[in-house]
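Raw work.txt, compact mmCIF, C-alpha atoms:
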# COMPACT_ATOMS: atom_id res chain seq x y z
CA MET H 22 45.59 -0.72 -37.57
CA GLN H 23 43.32 -2.45 -35.12
CA THR H 24 41.59 0.81 -34.20
CA GLN H 25 41.01 1.61 -37.87
CA ALA H 26 39.41 -1.80 -38.45
CA ILE H 27 36.96 -1.27 -35.60
CA SER H 28 36.07 2.17 -36.88
CA ASN H 29 35.35 0.96 -40.42
CA SER H 30 33.22 -1.92 -39.18
CA ALA H 31 31.23 0.33 -36.89
CA HIS H 32 30.71 2.89 -39.66
CA ASN H 33 29.28 0.27 -42.01
CA ASN H 34 26.77 -0.96 -39.44
CA VAL H 35 25.51 2.31 -38.01
CA ARG H 36 22.27 3.85 -39.22
CA GLN H 37 22.93 7.10 -41.06
CA PHE H 38 21.02 9.71 -39.08
CA PRO H 39 20.50 13.06 -40.83
CA ALA H 40 22.62 15.91 -39.52
CA PRO H 41 20.39 18.46 -37.77
CA LYS H 42 20.23 22.01 -39.04
CA GLN H 43 20.24 25.23 -37.09
CA GLU H 44 19.33 28.63 -38.52
CA GLY H 45 19.49 27.31 -42.06
CA ARG H 46 23.00 25.86 -41.78
CA ASN H 47 24.12 22.29 -41.35
CA LEU H 48 25.43 21.51 -37.87
CA THR H 49 28.56 20.06 -39.46
CA ASP H 50 29.42 23.43 -40.98
CA GLN H 51 29.19 25.20 -37.63
CA LEU H 52 30.92 22.80 -35.27
CA GLY H 53 33.16 20.79 -37.56
CA PHE H 54 31.87 17.27 -36.95
CA THR H 55 29.31 14.91 -38.44
CA ILE H 56 26.55 13.03 -36.64
CA GLU H 57 27.82 9.81 -38.25
CA GLY H 58 31.26 10.49 -36.82
CA VAL H 59 29.89 10.99 -33.33
CA ILE H 60 27.93 7.73 -33.47
CA ASP H 61 30.99 5.98 -34.91
CA LYS H 62 33.01 7.00 -31.85
CA ASP H 63 30.18 6.02 -29.51
CA VAL H 64 30.08 2.54 -31.07
CA MET H 65 33.83 2.19 -30.55
CA THR H 66 33.45 3.24 -26.91
CA ALA H 67 30.58 0.77 -26.40
CA LYS H 68 32.67 -2.05 -27.85
CA ALA H 69 35.62 -1.12 -25.65
CA PHE H 70 33.50 -0.80 -22.50
CA PRO H 71 30.53 -3.20 -22.85
CA ARG H 72 27.76 -3.10 -20.28
CA ASP H 73 27.88 -5.34 -17.24
CA VAL H 74 24.35 -6.75 -17.34
CA ARG H 75 24.41 -7.89 -13.72
CA GLN H 76 25.47 -4.44 -12.55
CA CYS H 77 22.87 -2.80 -14.77
CA ILE H 78 20.10 -4.90 -13.24
CA LYS H 79 21.42 -4.24 -9.74
CA ASN H 80 21.39 -0.47 -10.31
CA ILE H 81 17.88 -0.59 -11.77
CA GLU H 82 16.53 -2.57 -8.83
CA LEU H 83 18.29 -0.35 -6.28
CA THR H 84 16.64 2.69 -7.84
CA ILE H 85 13.22 1.04 -7.88
CA ALA H 86 13.65 0.22 -4.19
CA MET H 87 14.51 3.79 -3.17
CA SER H 88 10.99 4.37 -1.86
CA PRO H 89 7.46 2.96 -2.19
CA GLU H 90 6.53 6.06 -4.20
CA VAL H 91 9.24 5.33 -6.77
CA SER H 92 8.20 1.67 -6.91
CA ALA H 93 4.54 2.58 -7.45
CA SER H 94 5.47 4.94 -10.30
CA CYS H 95 7.18 2.12 -12.20
CA TYR H 96 4.03 0.36 -13.42
CA TYR H 97 0.61 1.30 -14.75
CA THR H 98 -2.77 -0.39 -14.66
CA LEU H 99 -5.66 0.24 -17.04
CA PRO H 100 -9.15 -1.22 -16.50
CA ARG H 101 -10.48 -2.43 -19.85
CA ALA H 102 -13.76 -4.29 -20.43
CA GLY H 103 -13.76 -6.06 -17.09
CA LYS H 104 -10.06 -6.87 -17.16
CA THR H 105 -6.86 -5.03 -16.36
CA ILE H 106 -3.79 -4.25 -18.41
CA THR H 107 -0.67 -3.86 -16.29
CA GLY H 108 2.72 -2.94 -17.68
CA PRO H 109 5.99 -1.08 -17.13
CA SER H 110 5.62 2.69 -17.02
CA ILE H 111 7.41 5.65 -18.56
CA ARG H 112 9.24 6.16 -15.27
CA LEU H 113 10.60 2.61 -15.37
CA ALA H 114 11.73 3.19 -18.97
CA GLU H 115 13.69 6.24 -17.83
CA ILE H 116 15.33 4.27 -15.02
CA CYS H 117 16.22 1.33 -17.28
CA SER H 118 17.55 3.60 -20.01
CA SER H 119 19.79 5.44 -17.55
CA PHE H 120 21.45 2.30 -16.22
CA TRP H 121 21.44 -0.03 -19.24
CA GLY H 122 24.03 2.13 -20.95
CA ASN H 123 25.57 2.18 -24.43
CA MET H 124 22.28 3.24 -26.01
CA GLN H 125 21.06 6.28 -27.87
CA SER H 126 17.39 7.19 -28.06
CA GLY H 127 15.11 10.07 -28.91
CA THR H 128 11.76 11.17 -30.26
CA ARG H 129 10.59 13.48 -33.01
CA VAL H 130 7.33 14.71 -34.54
CA ILE H 131 7.08 13.31 -38.05
CA SER H 132 3.69 14.74 -39.02
CA ASN H 133 1.00 17.17 -37.90
CA ASN H 134 -1.92 17.57 -40.28
CA GLY H 135 -4.01 19.71 -37.97
CA LYS H 136 -6.17 16.77 -36.92
CA SER H 137 -3.59 14.38 -35.52
CA VAL H 138 0.11 14.23 -34.76
CA VAL H 139 2.46 11.31 -35.27
CA VAL H 140 5.50 11.02 -33.03
CA GLU H 141 8.34 8.58 -33.68
CA GLY H 142 10.52 7.15 -30.95
CA TRP H 143 13.84 5.52 -31.83
CA CYS H 144 16.53 3.65 -29.96
CA LEU H 145 19.93 2.33 -31.03
CA ASP H 146 21.88 -0.22 -29.00
CA LEU H 147 25.49 0.70 -29.72
CA GLU H 148 26.79 -2.73 -28.67
CA THR H 149 24.49 -4.95 -30.72
CA ASN H 150 23.55 -2.50 -33.50
CA ALA H 151 19.89 -3.27 -32.76
CA LYS H 152 17.75 -0.40 -34.04
CA VAL H 153 14.12 0.07 -32.99
CA SER H 154 11.57 2.71 -33.93
CA HIS H 155 7.92 3.08 -33.00
CA GLU H 156 5.22 5.57 -33.99
CA ILE H 157 2.46 6.98 -31.79
CA SER H 158 -0.52 8.86 -33.23
CA ARG H 159 -2.72 11.21 -31.21
CA GLY H 160 -5.73 13.33 -32.17
CA ILE H 161 -5.48 17.09 -31.67
CA VAL H 162 -9.10 18.14 -32.19
CA THR H 163 -11.99 18.41 -29.74
CA LYS H 164 -15.21 16.40 -29.93
CA ASP H 165 -16.66 19.31 -31.89
CA GLY H 166 -13.89 19.07 -34.48
CA LYS H 167 -12.11 22.23 -33.36
CA PRO H 168 -8.30 22.10 -33.24
CA TYR H 169 -6.55 22.09 -29.89
CA SER H 170 -4.87 25.26 -28.71
CA THR H 171 -1.10 25.47 -29.14
CA ASP H 172 -0.57 24.63 -25.48
CA MET H 173 -2.83 21.58 -25.70
CA GLN H 174 -1.10 20.40 -28.86
CA ASN H 175 2.28 20.71 -27.15
CA THR H 176 0.95 18.78 -24.15
CA THR H 177 -0.39 16.05 -26.43
CA ILE H 178 2.91 15.84 -28.31
CA ALA H 179 4.86 15.62 -25.04
CA ALA H 180 2.64 12.77 -23.80
CA ALA H 181 2.92 10.91 -27.11
CA SER H 182 6.70 11.39 -27.11
CA ALA H 183 6.97 9.93 -23.61
CA ILE H 184 4.97 6.86 -24.63
CA ALA H 185 6.98 6.43 -27.84
CA PHE H 186 10.18 6.63 -25.78
CA ARG H 187 8.87 4.04 -23.34
CA ASN H 188 7.94 1.64 -26.12
CA VAL H 189 11.30 1.72 -27.90
CA ILE H 190 13.26 1.33 -24.66
CA PHE H 191 11.26 -1.76 -23.74
CA LYS H 192 11.69 -3.16 -27.26
CA THR H 193 15.48 -2.71 -27.04
CA ILE H 194 16.20 -4.04 -23.54
CA PRO H 195 15.37 -7.79 -23.32
CA LYS H 196 11.87 -8.35 -21.97
CA VAL H 197 13.03 -10.83 -19.34
CA PHE H 198 14.87 -8.03 -17.50
CA ILE H 199 11.95 -5.61 -17.83
CA ASP H 200 9.53 -8.20 -16.43
CA GLN H 201 11.86 -8.83 -13.50
CA ALA H 202 12.01 -5.11 -12.70
CA LEU H 203 8.23 -4.78 -13.09
CA GLN H 204 7.48 -7.58 -10.61
CA LYS H 205 9.91 -6.12 -8.10
CA ALA H 206 8.32 -2.67 -8.42
CA MET H 207 4.81 -4.04 -7.87
CA ALA H 208 5.88 -5.98 -4.78
CA LEU H 209 7.79 -3.07 -3.24
CA SER H 210 5.00 -0.56 -3.87
CA VAL H 211 2.79 -2.24 -1.25
CA ALA H 212 5.48 -3.67 1.04
CA ALA H 213 4.82 -2.98 4.73
CA SER H 214 6.84 -3.91 7.80
CA ASN H 215 3.77 -4.49 9.97
CA GLN H 216 0.00 -4.01 10.10
CA GLU H 217 0.29 -0.45 11.37
CA ASP H 218 2.58 0.46 8.48
CA PHE H 219 0.19 -1.16 6.00
CA GLU H 220 -2.79 0.80 7.35
CA LYS H 221 -0.84 4.05 7.16
CA LYS H 222 0.12 3.39 3.53
CA ARG H 223 -3.47 2.52 2.68
CA GLN H 224 -4.73 5.76 4.23
CA ASN H 225 -2.09 7.79 2.36
CA MET H 226 -3.11 6.11 -0.89
CA PHE H 227 -6.69 7.34 -0.58
CA GLU H 228 -5.53 10.82 0.41
CA ASN H 229 -3.42 10.92 -2.76
CA LEU H 230 -6.46 9.95 -4.82
CA GLU H 231 -8.43 12.81 -3.26
CA ARG H 232 -5.68 15.22 -4.33
CA LEU H 233 -6.15 13.96 -7.89
CA GLY H 234 -9.84 14.80 -7.64
CA ILE H 235 -11.01 11.21 -7.13
CA HIS H 236 -13.41 10.82 -4.22
CA VAL H 237 -13.20 7.69 -2.10
CA GLU H 238 -16.88 6.96 -2.65
CA LYS H 239 -16.21 6.44 -6.34
CA VAL H 240 -13.38 4.02 -5.57
CA PHE H 241 -15.57 2.17 -3.07
CA ALA H 242 -18.28 1.75 -5.71
CA PHE H 243 -15.79 0.54 -8.30
CA PHE H 244 -14.50 -2.23 -6.04
CA GLY H 245 -17.80 -2.92 -4.31
CA LYS H 246 -16.45 -1.92 -0.89
CA SER H 247 -17.94 0.15 1.90
CA SER H 248 -14.85 1.08 3.94
CA ILE H 249 -11.10 1.57 3.60
CA GLN H 250 -10.46 -1.42 5.87
CA GLU H 251 -11.79 -3.77 3.18
CA PHE H 252 -8.95 -2.98 0.76
CA ASP H 253 -6.05 -5.45 0.73
CA LEU H 254 -2.64 -5.60 -0.98
CA GLU H 255 -4.02 -6.63 -4.37
CA HIS H 256 -6.47 -3.73 -4.37
CA MET H 257 -3.65 -1.36 -3.47
CA LYS H 258 -1.43 -2.61 -6.30
CA MET H 259 -4.24 -2.00 -8.75
CA ILE H 260 -5.00 1.47 -7.42
CA TYR H 261 -1.33 2.48 -7.51
CA GLY H 262 -1.14 1.31 -11.12
CA ILE H 263 -4.27 3.26 -12.07
CA ARG H 264 -2.84 6.35 -10.37
CA THR H 265 0.29 6.04 -12.52
CA SER H 266 -1.90 5.76 -15.63
CA ILE H 267 -3.57 9.03 -14.67
CA LYS H 268 -0.27 10.80 -14.05
CA GLU H 269 1.16 9.59 -17.37
CA GLY H 270 -1.89 10.75 -19.30
CA MET H 271 -3.08 7.29 -20.30
CA ILE H 272 -6.48 7.79 -18.71
CA LYS H 273 -8.39 10.75 -17.29
CA ALA H 274 -9.02 10.96 -13.56
CA ASP H 275 -12.80 11.08 -14.01
CA GLU H 276 -12.68 7.93 -16.18
CA ALA H 277 -10.32 5.87 -14.04
CA PHE H 278 -12.91 4.34 -11.72
CA ALA H 279 -15.98 4.59 -13.94
CA LEU H 280 -18.32 1.60 -13.97
CA SER H 281 -19.11 0.70 -17.57
CA GLU H 282 -20.74 -2.60 -16.63
CA SER H 283 -22.29 -4.21 -13.58
CA ARG H 284 -20.18 -3.68 -10.49
CA SER H 285 -19.99 -7.32 -9.44
CA ASP H 286 -18.84 -8.54 -12.87
CA MET H 287 -16.23 -5.79 -13.14
CA VAL H 288 -14.74 -6.23 -9.69
CA ASN H 289 -14.72 -10.02 -9.73
CA SER H 290 -12.88 -10.16 -13.05
CA LEU H 291 -10.38 -7.52 -11.97
CA ILE H 292 -9.40 -9.30 -8.77
CA ASP H 293 -9.49 -12.82 -10.24
CA ASP H 294 -6.87 -11.84 -12.81
CA HIS H 295 -4.29 -11.11 -10.09

Can the structure in the file be given as structure tokens, please?
Amino acid sequence: MQTQAISNSAHNNVRQFPAPKQEGRNLTDQLGFTIEGVIDKDVMTAKAFPRDVRQCIKNIELTIAMSPEVSASCYYTLPRAGKTITGPSIRLAEICSSFWGNMQSGTRVISNNGKSVVVEGWCLDLETNAKVSHEISRGIVTKDGKPYSTDMQNTTIAAASAIAFRNVIFKTIPKVFIDQALQKAMALSVAASNQEDFEKKRQNMFENLERLGIHVEKVFAFFGKSSIQEFDLEHMKMIYGIRTSIKEGMIKADEAFALSESRSDMVNSLIDDH
């Protein structure tokens, strides 16, 4: 009787997701189960085995600390009008989603009119019944108004899906835990045991930028520096974050260190904000 009561309560609170179709037939007809029934069982399991928040946080932080490269991939930085926007990345969303547990999430394309695509991300916390969805729109035409090729459209959809996924994960998991993970990632990304280790990491950072097609001279001009030795920990944090933005498709490599205003104003405001 107790099990039945839990099942009925869970069924009443769970969002009714449409059953997917395959080759013109409902998935229920082929495999003998309903999507609602699967979620119903998942809710029961989540209630029976609730997440241990302390252990979740510990696992997230252990993963972030696996290597400086992993840490650096967990946050992004975008220069905007003389200031910077720093936030948790898609990679951190994947890590948090894996260890937070008792969640379901996904993305889907909800429209494509030939000029833009709209992707929806959704997330359901099976313990709290908190449901979050978020839409991302991206253009799929060139500056000349010509539609992207199929490959470019697929690439654009994949990038939008990743961002939609990131946004719903960070709207579902309490922000206080995300901020804690973000600060840890930023600190670990530039951690060095001694001066020699720091100089080696700094040199590797610029070599990685070169592999992305970004010449050191452009970075020097952006920060108003004339040598690698002038870059400190705060500069490195910012550069790592910008590199993540490039890798996640948030900004193009040739735009990342462009000077849209006077160099001194740009650099001073960037550093002062940290």

Quick one: everything within 9 Å of range 188-193 of chain H, counting only C-alpha atoms, minus sequence neighbours fewer than 3 positions away in the same chain. Send it as a PyMOL selection string.
chain H and resi 109+111+114-115+117-118+126+142-146+151-155+183-185+196+199

What is the CA of His236 in chain H to CA of Ile272 in chain H distance in Å?
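Taking CA of His236 in chain H and CA of Ile272 in chain H, their separation equals 16.3 Å.
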
Write out as a list of chain:residue names the residues lying within 12 Å of Met173 in chain H, counting only C-alpha atoms and excluding same-chain residues fewer than 6 positions away.
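Returned residues: H:Arg159, H:Gly160, H:Ile161, H:Val162, H:Thr163, H:Ala179, H:Ala180.
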
Gap from CA of Ala69 in chain H to CA of Ser119 in chain H - Å, one decimal:
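CA of Ala69 in chain H sits 19.0 Å away from CA of Ser119 in chain H.
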
Find the residues with any atom within 10 Å of (-11.1, 3.2, -10.5); use only C-alpha atoms and the coordinates as given in the file, and write the answer as a PDB file with C-alpha atoms, in the frame of the given file.
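That gives us out-v4.pdb:
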ATOM      1  CA  THR H  98      -2.770  -0.390 -14.660  1.00  0.00           C
ATOM      2  CA  LEU H  99      -5.660   0.240 -17.040  1.00  0.00           C
ATOM      3  CA  PRO H 100      -9.150  -1.220 -16.500  1.00  0.00           C
ATOM      4  CA  LEU H 230      -6.460   9.950  -4.820  1.00  0.00           C
ATOM      5  CA  ILE H 235     -11.010  11.210  -7.130  1.00  0.00           C
ATOM      6  CA  VAL H 237     -13.200   7.690  -2.100  1.00  0.00           C
ATOM      7  CA  LYS H 239     -16.210   6.440  -6.340  1.00  0.00           C
ATOM      8  CA  VAL H 240     -13.380   4.020  -5.570  1.00  0.00           C
ATOM      9  CA  PHE H 241     -15.570   2.170  -3.070  1.00  0.00           C
ATOM     10  CA  ALA H 242     -18.280   1.750  -5.710  1.00  0.00           C
ATOM     11  CA  PHE H 243     -15.790   0.540  -8.300  1.00  0.00           C
ATOM     12  CA  PHE H 244     -14.500  -2.230  -6.040  1.00  0.00           C
ATOM     13  CA  MET H 259      -4.240  -2.000  -8.750  1.00  0.00           C
ATOM     14  CA  ILE H 260      -5.000   1.470  -7.420  1.00  0.00           C
ATOM     15  CA  ILE H 263      -4.270   3.260 -12.070  1.00  0.00           C
ATOM     16  CA  ARG H 264      -2.840   6.350 -10.370  1.00  0.00           C
ATOM     17  CA  ALA H 274      -9.020  10.960 -13.560  1.00  0.00           C
ATOM     18  CA  ASP H 275     -12.800  11.080 -14.010  1.00  0.00           C
ATOM     19  CA  GLU H 276     -12.680   7.930 -16.180  1.00  0.00           C
ATOM     20  CA  ALA H 277     -10.320   5.870 -14.040  1.00  0.00           C
ATOM     21  CA  PHE H 278     -12.910   4.340 -11.720  1.00  0.00           C
ATOM     22  CA  ALA H 279     -15.980   4.590 -13.940  1.00  0.00           C
ATOM     23  CA  LEU H 280     -18.320   1.600 -13.970  1.00  0.00           C
TER      24      LEU H 280
END

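Excluding Glu220 in chain H and any residue on its chain fewer than 3 positions from it, the residues at most 12 Å away by all atoms listed in the file are Val211, Ala212, Ala213, Ser214, Asn215, Gln216, Glu217, Arg223, Gln224, Asn225, Met226, Phe227, Ile249, Gln250, Glu251, Phe252, Asp253, Leu254 and Met257 of chain H.
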
Step by step, gather every atom of range 132-135 of chain H that the file lists, find the box along x, y and z that holds them, add 4 Å on each side, and finally give centre and edge lengths in Å to one decimal, as AutoDock Vina command-line options.
--center_x -0.2 --center_y 17.2 --center_z -39.1 --size_x 15.7 --size_y 13.0 --size_z 10.4

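CA of Gly270 in chain H to CA of Asp200 in chain H spans 22.3 Å [interatomic distance, one decimal].
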
Pick out the residues sitting within 10 Å of Met207 in chain H, and hand them over as a PyMOL selection string; count only C-alpha atoms, and ignore anything fewer than 3 positions along from it in its own chain.
chain H and resi 85+89+92-97+109+202-204+210-212+255+257-259+261-262

Have a look at H:Ile178, H:Met271, H:Val91, H:Ala208 and name the one nearest to Ile131 in chain H; count only C-alpha atoms.
H:Ile178

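Residues having any atom no farther than 8 Å from (28.9, -5.4, -27.8) (counting only C-alpha atoms) are H:Ala67, H:Lys68, H:Pro71, H:Arg72, H:Leu147, H:Glu148, H:Thr149.
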
Leaving out Ser182 in chain H and any residue of its chain fewer than 5 positions from it, which residues lie within 10 Å of it when counting all atoms listed in the file, given as a ChimeraX atom specification?
/H:127-130,139-142,156-158,176-177,187-188

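Ranking H:Ile194, H:Asn80, H:Ile106, H:Asn150 by their shortest atom-to-atom distance to Asp63 in chain H, with only C-alpha atoms included, puts H:Asn150 first.
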
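Among the candidate residues H:Arg112, H:Gln174, H:Thr107, H:Trp121, the one lying nearest to Asn133 in chain H is H:Gln174, with distances computed using all atoms listed in the file.
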
Once N, CA and C atoms are restored for range 60-85 of chain H, what would the output be as an mmCIF file, keeping the file's coordinate frame?
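Output file selection-v3.cif follows:
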data_model
loop_
_atom_site.group_PDB
_atom_site.id
_atom_site.type_symbol
_atom_site.label_atom_id
_atom_site.label_comp_id
_atom_site.auth_asym_id
_atom_site.auth_seq_id
_atom_site.Cartn_x
_atom_site.Cartn_y
_atom_site.Cartn_z
ATOM 1 N N ILE H 60 28.459 9.066 -33.733
ATOM 2 C CA ILE H 60 27.930 7.730 -33.470
ATOM 3 C C ILE H 60 29.034 6.689 -33.644
ATOM 4 N N ASP H 61 29.884 6.895 -34.661
ATOM 5 C CA ASP H 61 30.990 5.980 -34.910
ATOM 6 C C ASP H 61 31.882 5.878 -33.670
ATOM 7 N N LYS H 62 32.186 7.002 -33.052
ATOM 8 C CA LYS H 62 33.010 7.000 -31.850
ATOM 9 C C LYS H 62 32.272 6.373 -30.675
ATOM 10 N N ASP H 63 30.962 6.615 -30.596
ATOM 11 C CA ASP H 63 30.180 6.020 -29.510
ATOM 12 C C ASP H 63 30.144 4.501 -29.624
ATOM 13 N N VAL H 64 30.061 3.992 -30.856
ATOM 14 C CA VAL H 64 30.080 2.540 -31.070
ATOM 15 C C VAL H 64 31.423 1.970 -30.619
ATOM 16 N N MET H 65 32.500 2.638 -30.961
ATOM 17 C CA MET H 65 33.830 2.190 -30.550
ATOM 18 C C MET H 65 33.947 2.155 -29.029
ATOM 19 N N THR H 66 33.417 3.189 -28.379
ATOM 20 C CA THR H 66 33.450 3.240 -26.910
ATOM 21 C C THR H 66 32.631 2.107 -26.312
ATOM 22 N N ALA H 67 31.448 1.849 -26.897
ATOM 23 C CA ALA H 67 30.580 0.770 -26.400
ATOM 24 C C ALA H 67 31.254 -0.587 -26.540
ATOM 25 N N LYS H 68 31.970 -0.786 -27.647
ATOM 26 C CA LYS H 68 32.670 -2.050 -27.850
ATOM 27 C C LYS H 68 33.829 -2.202 -26.868
ATOM 28 N N ALA H 69 34.474 -1.085 -26.562
ATOM 29 C CA ALA H 69 35.620 -1.120 -25.650
ATOM 30 C C ALA H 69 35.185 -1.288 -24.195
ATOM 31 N N PHE H 70 34.009 -0.735 -23.871
ATOM 32 C CA PHE H 70 33.500 -0.800 -22.500
ATOM 33 C C PHE H 70 32.068 -1.332 -22.504
ATOM 34 N N PRO H 71 31.886 -2.633 -22.783
ATOM 35 C CA PRO H 71 30.530 -3.200 -22.850
ATOM 36 C C PRO H 71 29.848 -3.165 -21.485
ATOM 37 N N ARG H 72 28.533 -3.157 -21.526
ATOM 38 C CA ARG H 72 27.760 -3.100 -20.280
ATOM 39 C C ARG H 72 27.927 -4.377 -19.466
ATOM 40 N N ASP H 73 27.916 -4.223 -18.175
ATOM 41 C CA ASP H 73 27.880 -5.340 -17.240
ATOM 42 C C ASP H 73 26.410 -5.556 -16.892
ATOM 43 N N VAL H 74 25.796 -6.565 -17.486
ATOM 44 C CA VAL H 74 24.350 -6.750 -17.340
ATOM 45 C C VAL H 74 23.952 -6.926 -15.883
ATOM 46 N N ARG H 75 24.735 -7.684 -15.135
ATOM 47 C CA ARG H 75 24.410 -7.890 -13.720
ATOM 48 C C ARG H 75 24.415 -6.572 -12.950
ATOM 49 N N GLN H 76 25.400 -5.732 -13.231
ATOM 50 C CA GLN H 76 25.470 -4.440 -12.550
ATOM 51 C C GLN H 76 24.340 -3.527 -12.992
ATOM 52 N N CYS H 77 23.990 -3.597 -14.268
ATOM 53 C CA CYS H 77 22.870 -2.800 -14.770
ATOM 54 C C CYS H 77 21.581 -3.149 -14.027
ATOM 55 N N ILE H 78 21.316 -4.445 -13.917
ATOM 56 C CA ILE H 78 20.100 -4.900 -13.240
ATOM 57 C C ILE H 78 20.125 -4.497 -11.765
ATOM 58 N N LYS H 79 21.287 -4.618 -11.146
ATOM 59 C CA LYS H 79 21.420 -4.240 -9.740
ATOM 60 C C LYS H 79 21.104 -2.761 -9.545
ATOM 61 N N ASN H 80 21.634 -1.912 -10.423
ATOM 62 C CA ASN H 80 21.390 -0.470 -10.310
ATOM 63 C C ASN H 80 19.918 -0.130 -10.541
ATOM 64 N N ILE H 81 19.299 -0.814 -11.500
ATOM 65 C CA ILE H 81 17.880 -0.590 -11.770
ATOM 66 C C ILE H 81 17.038 -0.956 -10.551
ATOM 67 N N GLU H 82 17.320 -2.113 -9.967
ATOM 68 C CA GLU H 82 16.530 -2.570 -8.830
ATOM 69 C C GLU H 82 16.783 -1.721 -7.585
ATOM 70 N N LEU H 83 18.003 -1.242 -7.412
ATOM 71 C CA LEU H 83 18.290 -0.350 -6.280
ATOM 72 C C LEU H 83 17.508 0.950 -6.404
ATOM 73 N N THR H 84 17.394 1.450 -7.620
ATOM 74 C CA THR H 84 16.640 2.690 -7.840
ATOM 75 C C THR H 84 15.153 2.475 -7.600
ATOM 76 N N ILE H 85 14.632 1.363 -8.097
ATOM 77 C CA ILE H 85 13.220 1.040 -7.880
ATOM 78 C C ILE H 85 12.903 0.962 -6.391
#
